[in-house]
Amino acid sequence: MSTPELVRCSWVNLKNPRYVQYHDQEWSVPCHDDHALYELLILECFQAGLSWECVLNKREAFRRAYEGFDAARVAAYGEEKAAALLADPGIIRNRLKVRASIRNSQVFLDIQAEFGSFDRYIWSFTDGRVIREDWTLRTASPLSDAVSADLKKRGMTFVGSTIIYSYLQAIGVLAAHSPECFCCRRETGERAE
């Protein structure tokens, strides 16, 4: 007896197992771990102008190049390490994005020091609540506008409202699976057919 295929959000490339796993197990699941929040923030910044699938396919290379996404280490990177990153064929080699990743890591640490954790900071925008919003509705919102503006004020770059909207979906602040997706049913407690 065969198992029926699960219905997923239409953006998932079903031919890419890495993408399917990301969608099924990570995307739009509420995240409260600062290390994971940091990794996804840095990766989202690299997504600017590219597809998430492109970034996701390079995730393991990014983890290696960025020393396991250790924010304190990345924040201390100098010119030599920036040059090594720009020479690494496994990651996205964009000078502005590499520089932003280092600067954004410094700001990330500042936010952790101010709020006690980045988790407290990012979830404070919704008072710790998950907002349900189908991913097809928009690519930015008043919420992503507010978070983006605050991050920019603190000195981050490559954190425009569209990038931050995608980030908020990725970390589950915005529960964004489409209504027919089995993950949406999981979120609401309905049984997947």
# chains A, B, ... in the order shown; residues from 1 in each chain; ligands from 1

$ select_by_dssp --residues "region 6-177 of chain A" --states "alpha helix (DSSP H)" --output "ChimeraX atom specification"
/A:17-25,34-47,52-57,59-65,71-75,79-86,95-115,118-124,142-153,161-170

$ residues_around --residues "region 62-76 of chain A" --least-positions-apart "6" --cutoff "9 Å" --atoms "only C-alpha atoms" --output "PyMOL selection string"
chain A and resi 35-36+38-39+42-43+55+84-85+88+90-92+101-109

$ atom_distance --atom1 "CA of Cys31 (chain A)" --atom2 "CA of Phe125 (chain A)"
14.3 Å

$ select_by_dssp --residues "chain A" --states "strand (DSSP E or B)" --output "NGL selection string"
:A and (131-132 or 174-175)

$ closest_residue --among "A:Tyr77, A:Phe182, A:Tyr167, A:Phe158" --to "Ala140 (chain A)" --atoms "only C-alpha atoms"
A:Tyr167

$ residues_around --residues "Arg129 (chain A)" --least-positions-apart "5" --cutoff "9 Å" --atoms "only C-alpha atoms" --output "number ranges by chain"
A: 123-124, 173

$ residues_around --residues "Ser178 (chain A)" --least-positions-apart "2" --cutoff "9 Å" --atoms "only C-alpha atoms" --output "list in words"
Arg8, Cys9, Ser10, Glu133, Asp134, Trp135, Thr136, Ala176, Glu180, Cys181, Phe182, Cys183 and Cys184 of chain A

$ write_last_selection --atoms "C-alpha atoms" --output "PDB file, in the first residue's frame"
ATOM      1  CA  ARG A   8       3.055  21.305   0.447  1.00  0.00           C
ATOM      2  CA  CYS A   9       3.293  25.026  -0.275  1.00  0.00           C
ATOM      3  CA  SER A  10       3.561  25.481  -4.043  1.00  0.00           C
ATOM      4  CA  GLU A 133      -0.509  35.034   7.333  1.00  0.00           C
ATOM      5  CA  ASP A 134      -0.539  33.046   4.095  1.00  0.00           C
ATOM      6  CA  TRP A 135       2.771  33.424   2.226  1.00  0.00           C
ATOM      7  CA  THR A 136       0.976  34.486  -0.975  1.00  0.00           C
ATOM      8  CA  ALA A 176       2.946  31.385   6.551  1.00  0.00           C
ATOM      9  CA  GLU A 180      -3.710  23.359   1.862  1.00  0.00           C
ATOM     10  CA  CYS A 181      -0.164  22.578   3.064  1.00  0.00           C
ATOM     11  CA  PHE A 182       0.130  19.742   5.575  1.00  0.00           C
ATOM     12  CA  CYS A 183       2.358  22.004   7.721  1.00  0.00           C
ATOM     13  CA  CYS A 184      -0.490  24.500   8.050  1.00  0.00           C
TER      14      CYS A 184
END

$ closest_residue --among "A:Ile122, A:Ile131, A:Ala113, A:Cys45" --to "Ala146 (chain A)" --atoms "only C-alpha atoms"
A:Ile122

$ closest_residue --among "A:Ile163, A:Ala48, A:Leu56, A:Ala175" --to "Lys97 (chain A)" --atoms "only C-alpha atoms"
A:Ala48

$ residues_around --residues "Thr162 (chain A)" --least-positions-apart "5" --cutoff "12 Å" --atoms "only C-alpha atoms" --output "ChimeraX atom specification"
/A:44-45,47-49,138-149,167-169

$ closest_residue --among "A:Gly160, A:Leu41, A:Arg154, A:Cys54" --to "Asn16 (chain A)" --atoms "only C-alpha atoms"
A:Cys54

$ atom_distance --atom1 "CA of Arg95 (chain A)" --atom2 "CA of Thr157 (chain A)"
12.7 Å
